[in-house]
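A.B. asks: Have a look at this one.
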Amino acid sequence: MATGRTHRPATRSRGIPEATVARLPLYLRALTALSERSVPTVSSEELAAAAGVNSAKLRKDFSYLGSYGTRGVGYDVEYLVYQISRELGLTQDWPVVIVGIGNLGAALANYGGFASRGFRVAALIDADPAMAGKPVAGIPVQHTDDLEKIIEDNGVSIGVIATPAGAAQQVCDRLVAAGVTSILNFAPTVLSVPEGVDVRKVDLSIELQILAFHEQRKAGEEAAGTDGAGPVAAARGNSADKGPDGDVPAVMPA
């Protein structure tokens, strides 16, 4: 996921690298699973495998937190859960608003993982007057006309945008003007934000395109293994892959 960052949270001011911050949720997820199984301690190798990183990188990441584990014993699972949760700001309540209650917005509203990780969905907001008052995940949808008041009344600093691309920037501008300083953007567009506002973008189509690239490359390698032709040659040999201007490029532009 891409991130447009501007302000500096406490972790950055203390010298924790962005890459380490991005991995902390992976460690927390793995540790939480261990905690739920009443596992008291875990080695760096076991935790790294569960989080999908190498153990040397994990030990380096934890050194930024001041946590080094005990030789021959490993890391205390419950303490690490607390330590990482505190570092990520999850030991406090974070009210969140979701703007755009279409299929994706409704799915996000129904996602149970928000509450269990310290994020409380304070309001659901949509521009469609017909949606106003309808409950989604037990929360009545409110109209965008009330967006600023909703944010002020609930002390919201995190907003989730799940609107169509054409409406996203306007919604973003209103969220920022109302005091929101962190935005999770699901709309397929790049948002422009002022200094002091963090944006993280989730674009499922981009992730699928990346997977398609790898699938195509694997298919090309398999073809090369059977007939000696590389992926480009194999693609060019298929007339079905040709358009009016000649060969279709191996990776189509977004």
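Labels for the structure tokens follow display order: chains A, B, ..., residues from 1 in each chain, ligands from 1.
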Enumerate as a ChimeraX atom specification all residues of region 52-207 of chain A assigned to alpha helix (DSSP H) by DSSP on the backbone, naming them with the chain letters and numbers the document uses.

C.D. replies: /A:55-64,77-87,103-109,113-116,147-154,165-178,204-207

A.B. asks: Please identify all polymer residues within 9 Å of Ile101 (chain A), counting only C-alpha atoms, omitting same-chain residues fewer than 4 positions from it, and present them as a list in words.

C.D. replies: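 The residues satisfying every condition are Gly105, Ala106, Ala107, Leu108, Ala109, Leu124, Ile125, Asp126, Ala127, Met131, Val136, Val141, Ala162 and Thr163 of chain A.
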
A.B. asks: Next, dump the selected residues to file, keeping only N, CA and C atoms, as a PDB file, in the first residue's frame.

C.D. replies:
```
ATOM      1  N   GLY A 105     -18.150  -0.005   1.486  1.00  0.00           N
ATOM      2  CA  GLY A 105     -18.333   0.667   2.769  1.00  0.00           C
ATOM      3  C   GLY A 105     -19.124  -0.174   3.748  1.00  0.00           C
ATOM      4  N   ALA A 106     -20.161  -0.843   3.238  1.00  0.00           N
ATOM      5  CA  ALA A 106     -20.972  -1.705   4.103  1.00  0.00           C
ATOM      6  C   ALA A 106     -20.153  -2.890   4.604  1.00  0.00           C
ATOM      7  N   ALA A 107     -19.310  -3.446   3.726  1.00  0.00           N
ATOM      8  CA  ALA A 107     -18.461  -4.563   4.136  1.00  0.00           C
ATOM      9  C   ALA A 107     -17.481  -4.118   5.223  1.00  0.00           C
ATOM     10  N   LEU A 108     -16.929  -2.919   5.081  1.00  0.00           N
ATOM     11  CA  LEU A 108     -16.009  -2.397   6.096  1.00  0.00           C
ATOM     12  C   LEU A 108     -16.741  -2.182   7.419  1.00  0.00           C
ATOM     13  N   ALA A 109     -17.974  -1.677   7.331  1.00  0.00           N
ATOM     14  CA  ALA A 109     -18.758  -1.441   8.543  1.00  0.00           C
ATOM     15  C   ALA A 109     -19.034  -2.742   9.286  1.00  0.00           C
ATOM     16  N   LEU A 124     -21.359   6.144  10.152  1.00  0.00           N
ATOM     17  CA  LEU A 124     -21.375   5.785   8.738  1.00  0.00           C
ATOM     18  C   LEU A 124     -22.035   6.930   7.992  1.00  0.00           C
ATOM     19  N   ILE A 125     -21.410   7.397   6.922  1.00  0.00           N
ATOM     20  CA  ILE A 125     -21.876   8.600   6.232  1.00  0.00           C
ATOM     21  C   ILE A 125     -22.001   8.321   4.739  1.00  0.00           C
ATOM     22  N   ASP A 126     -23.099   8.783   4.145  1.00  0.00           N
ATOM     23  CA  ASP A 126     -23.307   8.582   2.712  1.00  0.00           C
ATOM     24  C   ASP A 126     -24.052   9.781   2.124  1.00  0.00           C
ATOM     25  N   ALA A 127     -23.807  10.050   0.834  1.00  0.00           N
ATOM     26  CA  ALA A 127     -24.431  11.199   0.172  1.00  0.00           C
ATOM     27  C   ALA A 127     -25.838  10.911  -0.322  1.00  0.00           C
ATOM     28  N   MET A 131     -30.331   6.584   1.874  1.00  0.00           N
ATOM     29  CA  MET A 131     -29.600   5.757   2.834  1.00  0.00           C
ATOM     30  C   MET A 131     -29.730   6.273   4.261  1.00  0.00           C
ATOM     31  N   VAL A 136     -26.739  -0.112   9.118  1.00  0.00           N
ATOM     32  CA  VAL A 136     -25.747  -1.004   8.521  1.00  0.00           C
ATOM     33  C   VAL A 136     -24.827  -1.442   9.655  1.00  0.00           C
ATOM     34  N   VAL A 141     -27.060   4.998   9.108  1.00  0.00           N
ATOM     35  CA  VAL A 141     -26.286   5.822   8.171  1.00  0.00           C
ATOM     36  C   VAL A 141     -26.738   7.271   8.287  1.00  0.00           C
ATOM     37  N   ALA A 162     -14.611   5.428   1.198  1.00  0.00           N
ATOM     38  CA  ALA A 162     -14.986   4.292   0.349  1.00  0.00           C
ATOM     39  C   ALA A 162     -15.965   4.763  -0.724  1.00  0.00           C
ATOM     40  N   THR A 163     -15.793   5.995  -1.173  1.00  0.00           N
ATOM     41  CA  THR A 163     -16.672   6.596  -2.180  1.00  0.00           C
ATOM     42  C   THR A 163     -16.153   6.282  -3.583  1.00  0.00           C
TER      43      THR A 163
END
```

A.B. asks: Excluding region 37-46 of chain A and residues on its chain fewer than 5 positions from it, collect all residues at most 10 Å away from it, counting only C-alpha atoms, and give them as a PDB file with N, CA and C atoms, in the first residue's frame.

C.D. replies:
```pdb
ATOM      1  N   ALA A  30       0.447 -11.983  14.745  1.00  0.00           N
ATOM      2  CA  ALA A  30       0.998 -13.291  15.086  1.00  0.00           C
ATOM      3  C   ALA A  30       1.027 -13.505  16.592  1.00  0.00           C
ATOM      4  N   LEU A  31       1.391 -12.474  17.331  1.00  0.00           N
ATOM      5  CA  LEU A  31       1.448 -12.577  18.796  1.00  0.00           C
ATOM      6  C   LEU A  31       0.063 -12.770  19.402  1.00  0.00           C
ATOM      7  N   THR A  32      -0.928 -12.085  18.841  1.00  0.00           N
ATOM      8  CA  THR A  32      -2.295 -12.224  19.342  1.00  0.00           C
ATOM      9  C   THR A  32      -2.792 -13.652  19.170  1.00  0.00           C
ATOM     10  N   ALA A  51       5.066 -14.320  11.244  1.00  0.00           N
ATOM     11  CA  ALA A  51       4.805 -12.981  10.704  1.00  0.00           C
ATOM     12  C   ALA A  51       5.237 -12.846   9.249  1.00  0.00           C
ATOM     13  N   GLY A  52       5.981 -13.817   8.733  1.00  0.00           N
ATOM     14  CA  GLY A  52       6.412 -13.777   7.342  1.00  0.00           C
ATOM     15  C   GLY A  52       7.628 -12.907   7.093  1.00  0.00           C
ATOM     16  N   VAL A  53       8.510 -12.781   8.095  1.00  0.00           N
ATOM     17  CA  VAL A  53       9.752 -12.020   7.925  1.00  0.00           C
ATOM     18  C   VAL A  53      10.912 -12.900   8.387  1.00  0.00           C
ATOM     19  N   ASN A  54      12.155 -12.436   8.168  1.00  0.00           N
ATOM     20  CA  ASN A  54      13.274 -13.230   8.674  1.00  0.00           C
ATOM     21  C   ASN A  54      13.601 -12.815  10.106  1.00  0.00           C
ATOM     22  N   SER A  55      14.201 -13.737  10.836  1.00  0.00           N
ATOM     23  CA  SER A  55      14.397 -13.525  12.273  1.00  0.00           C
ATOM     24  C   SER A  55      15.366 -12.385  12.576  1.00  0.00           C
ATOM     25  N   ALA A  56      16.363 -12.176  11.713  1.00  0.00           N
ATOM     26  CA  ALA A  56      17.312 -11.081  11.943  1.00  0.00           C
ATOM     27  C   ALA A  56      16.598  -9.732  11.853  1.00  0.00           C
ATOM     28  N   LYS A  57      15.695  -9.620  10.885  1.00  0.00           N
ATOM     29  CA  LYS A  57      14.938  -8.372  10.732  1.00  0.00           C
ATOM     30  C   LYS A  57      14.015  -8.160  11.928  1.00  0.00           C
ATOM     31  N   LEU A  58      13.399  -9.242  12.402  1.00  0.00           N
ATOM     32  CA  LEU A  58      12.522  -9.139  13.571  1.00  0.00           C
ATOM     33  C   LEU A  58      13.297  -8.656  14.794  1.00  0.00           C
ATOM     34  N   ARG A  59      14.471  -9.251  15.035  1.00  0.00           N
ATOM     35  CA  ARG A  59      15.258  -8.847  16.207  1.00  0.00           C
ATOM     36  C   ARG A  59      15.681  -7.385  16.101  1.00  0.00           C
ATOM     37  N   PHE A  62      12.594  -5.215  16.887  1.00  0.00           N
ATOM     38  CA  PHE A  62      12.281  -5.185  18.315  1.00  0.00           C
ATOM     39  C   PHE A  62      13.313  -4.396  19.115  1.00  0.00           C
ATOM     40  N   TYR A  68      14.523  -7.066  23.776  1.00  0.00           N
ATOM     41  CA  TYR A  68      15.561  -7.944  23.241  1.00  0.00           C
ATOM     42  C   TYR A  68      15.324  -9.422  23.541  1.00  0.00           C
ATOM     43  N   GLY A  69      14.310  -9.740  24.302  1.00  0.00           N
ATOM     44  CA  GLY A  69      14.053 -11.133  24.633  1.00  0.00           C
ATOM     45  C   GLY A  69      15.070 -11.678  25.606  1.00  0.00           C
ATOM     46  N   THR A  70      14.928 -12.940  25.962  1.00  0.00           N
ATOM     47  CA  THR A  70      15.837 -13.614  26.889  1.00  0.00           C
ATOM     48  C   THR A  70      16.468 -14.800  26.190  1.00  0.00           C
ATOM     49  N   ARG A  71      17.800 -14.844  26.180  1.00  0.00           N
ATOM     50  CA  ARG A  71      18.504 -15.926  25.503  1.00  0.00           C
ATOM     51  C   ARG A  71      18.061 -17.281  26.068  1.00  0.00           C
ATOM     52  N   GLY A  72      17.715 -18.191  25.170  1.00  0.00           N
ATOM     53  CA  GLY A  72      17.292 -19.521  25.577  1.00  0.00           C
ATOM     54  C   GLY A  72      15.828 -19.616  25.950  1.00  0.00           C
ATOM     55  N   VAL A  73      15.168 -18.468  26.090  1.00  0.00           N
ATOM     56  CA  VAL A  73      13.749 -18.454  26.462  1.00  0.00           C
ATOM     57  C   VAL A  73      12.904 -17.840  25.356  1.00  0.00           C
ATOM     58  N   GLY A  74      13.358 -16.713  24.831  1.00  0.00           N
ATOM     59  CA  GLY A  74      12.614 -16.019  23.786  1.00  0.00           C
ATOM     60  C   GLY A  74      11.914 -14.783  24.315  1.00  0.00           C
ATOM     61  N   TYR A  75      10.821 -14.424  23.675  1.00  0.00           N
ATOM     62  CA  TYR A  75      10.070 -13.218  24.025  1.00  0.00           C
ATOM     63  C   TYR A  75       8.814 -13.577  24.805  1.00  0.00           C
ATOM     64  N   ASP A  76       8.494 -12.767  25.786  1.00  0.00           N
ATOM     65  CA  ASP A  76       7.249 -12.920  26.526  1.00  0.00           C
ATOM     66  C   ASP A  76       6.098 -12.439  25.642  1.00  0.00           C
ATOM     67  N   VAL A  77       5.192 -13.335  25.306  1.00  0.00           N
ATOM     68  CA  VAL A  77       4.125 -13.033  24.345  1.00  0.00           C
ATOM     69  C   VAL A  77       3.222 -11.908  24.843  1.00  0.00           C
ATOM     70  N   GLU A  78       2.727 -12.007  26.070  1.00  0.00           N
ATOM     71  CA  GLU A  78       1.786 -11.002  26.578  1.00  0.00           C
ATOM     72  C   GLU A  78       2.436  -9.623  26.667  1.00  0.00           C
ATOM     73  N   TYR A  79       3.694  -9.583  27.083  1.00  0.00           N
ATOM     74  CA  TYR A  79       4.369  -8.291  27.197  1.00  0.00           C
ATOM     75  C   TYR A  79       4.567  -7.661  25.826  1.00  0.00           C
ATOM     76  N   LEU A  80       4.931  -8.491  24.834  1.00  0.00           N
ATOM     77  CA  LEU A  80       5.107  -7.951  23.488  1.00  0.00           C
ATOM     78  C   LEU A  80       3.790  -7.450  22.900  1.00  0.00           C
TER      79      LEU A  80
END
```

A.B. asks: What's the separation between CA of Glu152 (chain A) and CA of Phe114 (chain A), in Å to one decimal place?

C.D. replies: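 These two atoms are separated by 20.8 Å.
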
A.B. asks: If I take CA of Leu204 (chain A) and CA of Gly166 (chain A), how far is one from the other in Å, to one decimal?

C.D. replies: 17.4 Å

A.B. asks: If we count only C-alpha atoms, what is near Ala122 (chain A) at a cut-off of 12 Å, once residues fewer than 6 positions away on the same chain are taken out, given as a PyMOL selection string?

C.D. replies: chain A and resi 93-99+109+114-115+137-142+147+150-160

A.B. asks: Include C-alpha atoms and write out the residues we just selected as a short mmCIF file (atom, residue, chain, number, x, y, z; two decimals), in the first residue's frame.

C.D. replies:
```
data_model
loop_
_atom_site.label_atom_id
_atom_site.label_comp_id
_atom_site.auth_asym_id
_atom_site.auth_seq_id
_atom_site.Cartn_x
_atom_site.Cartn_y
_atom_site.Cartn_z
CA ASP A 93 -10.02 4.25 21.72
CA TRP A 94 -9.91 5.56 18.13
CA PRO A 95 -13.30 6.70 16.77
CA VAL A 96 -13.48 6.23 13.00
CA VAL A 97 -15.97 7.45 10.38
CA ILE A 98 -16.60 5.60 7.12
CA VAL A 99 -17.75 7.77 4.22
CA ALA A 109 -18.76 -1.44 8.54
CA PHE A 114 -11.95 -2.83 13.87
CA ALA A 115 -13.38 -3.03 17.39
CA ALA A 137 -23.95 -3.26 11.00
CA GLY A 138 -26.33 -1.88 13.61
CA ILE A 139 -25.30 1.74 12.95
CA PRO A 140 -27.73 4.17 11.27
CA VAL A 141 -26.29 5.82 8.17
CA GLN A 142 -26.08 9.62 8.33
CA LEU A 147 -20.24 15.30 8.25
CA ILE A 150 -20.42 14.21 13.29
CA ILE A 151 -16.65 14.55 13.35
CA GLU A 152 -16.74 17.27 15.98
CA ASP A 153 -19.25 15.48 18.20
CA ASN A 154 -17.30 12.20 18.13
CA GLY A 155 -13.78 13.61 18.29
CA VAL A 156 -12.83 11.77 15.10
CA SER A 157 -9.27 12.00 13.79
CA ILE A 158 -9.35 8.99 11.42
CA GLY A 159 -11.56 8.85 8.35
CA VAL A 160 -12.15 6.01 5.88
#
```

A.B. asks: List every residue of region 39-231 of chain A that DSSP, applied to the backbone of this structure, assigns to strand (DSSP E), and report them as a ChimeraX atom specification.

C.D. replies: /A:41-42,75-76,94-99,119-126,135-136,139-143,158-161,182-185,198-201

A.B. asks: Take the residues from that selection and write them out as a tab-separated table (two decimals), in the first residue's frame, keeping N, CA and C atoms.

C.D. replies:
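Now in again15.tsv:
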```tsv
chain	number	residue	atom	x	y	z
A	41	THR	N	5.72	-17.95	25.77
A	41	THR	CA	6.91	-17.36	25.17
A	41	THR	C	7.06	-17.85	23.74
A	42	VAL	N	7.84	-17.10	22.95
A	42	VAL	CA	8.06	-17.48	21.56
A	42	VAL	C	9.47	-17.06	21.16
A	75	TYR	N	10.82	-14.42	23.68
A	75	TYR	CA	10.07	-13.22	24.02
A	75	TYR	C	8.81	-13.58	24.81
A	76	ASP	N	8.49	-12.77	25.79
A	76	ASP	CA	7.25	-12.92	26.53
A	76	ASP	C	6.10	-12.44	25.64
A	94	TRP	N	-10.00	4.72	19.32
A	94	TRP	CA	-9.91	5.56	18.13
A	94	TRP	C	-11.25	5.56	17.40
A	95	PRO	N	-12.05	6.63	17.53
A	95	PRO	CA	-13.30	6.70	16.77
A	95	PRO	C	-13.02	6.94	15.28
A	96	VAL	N	-13.70	6.19	14.45
A	96	VAL	CA	-13.48	6.23	13.00
A	96	VAL	C	-14.81	6.50	12.30
A	97	VAL	N	-14.79	7.30	11.22
A	97	VAL	CA	-15.97	7.45	10.38
A	97	VAL	C	-15.68	6.81	9.02
A	98	ILE	N	-16.70	6.16	8.46
A	98	ILE	CA	-16.60	5.60	7.12
A	98	ILE	C	-17.53	6.40	6.22
A	99	VAL	N	-16.97	6.95	5.16
A	99	VAL	CA	-17.75	7.77	4.22
A	99	VAL	C	-17.89	6.99	2.91
A	119	PHE	N	-10.35	0.24	17.25
A	119	PHE	CA	-10.97	1.22	16.37
A	119	PHE	C	-12.49	1.09	16.45
A	120	ARG	N	-13.13	2.14	16.89
A	120	ARG	CA	-14.58	2.14	17.05
A	120	ARG	C	-15.22	2.91	15.90
A	121	VAL	N	-16.09	2.24	15.15
A	121	VAL	CA	-16.80	2.92	14.06
A	121	VAL	C	-17.84	3.84	14.68
A	122	ALA	N	-17.52	5.13	14.68
A	122	ALA	CA	-18.39	6.11	15.33
A	122	ALA	C	-19.56	6.52	14.45
A	123	ALA	N	-19.38	6.47	13.13
A	123	ALA	CA	-20.45	6.91	12.24
A	123	ALA	C	-20.25	6.37	10.84
A	124	LEU	N	-21.36	6.14	10.15
A	124	LEU	CA	-21.37	5.79	8.74
A	124	LEU	C	-22.03	6.93	7.99
A	125	ILE	N	-21.41	7.40	6.92
A	125	ILE	CA	-21.88	8.60	6.23
A	125	ILE	C	-22.00	8.32	4.74
A	126	ASP	N	-23.10	8.78	4.14
A	126	ASP	CA	-23.31	8.58	2.71
A	126	ASP	C	-24.05	9.78	2.12
A	135	PRO	N	-30.00	1.23	9.00
A	135	PRO	CA	-28.92	0.64	9.80
A	135	PRO	C	-28.03	-0.27	8.96
A	136	VAL	N	-26.74	-0.11	9.12
A	136	VAL	CA	-25.75	-1.00	8.52
A	136	VAL	C	-24.83	-1.44	9.66
A	139	ILE	N	-25.55	0.30	12.83
A	139	ILE	CA	-25.30	1.74	12.95
A	139	ILE	C	-26.11	2.46	11.89
A	140	PRO	N	-26.95	3.45	12.28
A	140	PRO	CA	-27.73	4.17	11.27
A	140	PRO	C	-26.85	5.06	10.41
A	141	VAL	N	-27.06	5.00	9.11
A	141	VAL	CA	-26.29	5.82	8.17
A	141	VAL	C	-26.74	7.27	8.29
A	142	GLN	N	-25.78	8.19	8.27
A	142	GLN	CA	-26.08	9.62	8.33
A	142	GLN	C	-25.67	10.30	7.03
A	143	HIS	N	-26.33	11.41	6.72
A	143	HIS	CA	-26.08	12.10	5.45
A	143	HIS	C	-24.81	12.93	5.53
A	158	ILE	N	-9.62	9.95	12.50
A	158	ILE	CA	-9.35	8.99	11.42
A	158	ILE	C	-10.60	8.82	10.57
A	159	GLY	N	-10.45	9.02	9.27
A	159	GLY	CA	-11.56	8.85	8.35
A	159	GLY	C	-11.26	7.79	7.30
A	160	VAL	N	-12.28	7.03	6.93
A	160	VAL	CA	-12.15	6.01	5.88
A	160	VAL	C	-13.00	6.45	4.70
A	161	ILE	N	-12.38	6.55	3.53
A	161	ILE	CA	-13.10	6.96	2.32
A	161	ILE	C	-13.33	5.74	1.43
A	182	SER	N	-5.85	11.73	9.70
A	182	SER	CA	-5.41	10.47	9.11
A	182	SER	C	-6.54	9.89	8.29
A	183	ILE	N	-6.22	9.46	7.06
A	183	ILE	CA	-7.25	8.97	6.14
A	183	ILE	C	-6.82	7.64	5.53
A	184	LEU	N	-7.75	6.68	5.54
A	184	LEU	CA	-7.57	5.41	4.85
A	184	LEU	C	-8.42	5.48	3.59
A	185	ASN	N	-7.77	5.48	2.43
A	185	ASN	CA	-8.46	5.73	1.18
A	185	ASN	C	-8.63	4.45	0.36
A	198	ASP	N	-1.91	12.37	7.20
A	198	ASP	CA	-1.42	11.09	6.67
A	198	ASP	C	-2.50	10.41	5.85
A	199	VAL	N	-2.10	9.85	4.72
A	199	VAL	CA	-3.02	9.08	3.88
A	199	VAL	C	-2.41	7.73	3.58
A	200	ARG	N	-3.18	6.69	3.78
A	200	ARG	CA	-2.79	5.36	3.31
A	200	ARG	C	-3.84	4.90	2.31
A	201	LYS	N	-3.35	4.39	1.18
A	201	LYS	CA	-4.24	4.02	0.07
A	201	LYS	C	-4.30	2.51	-0.07
```
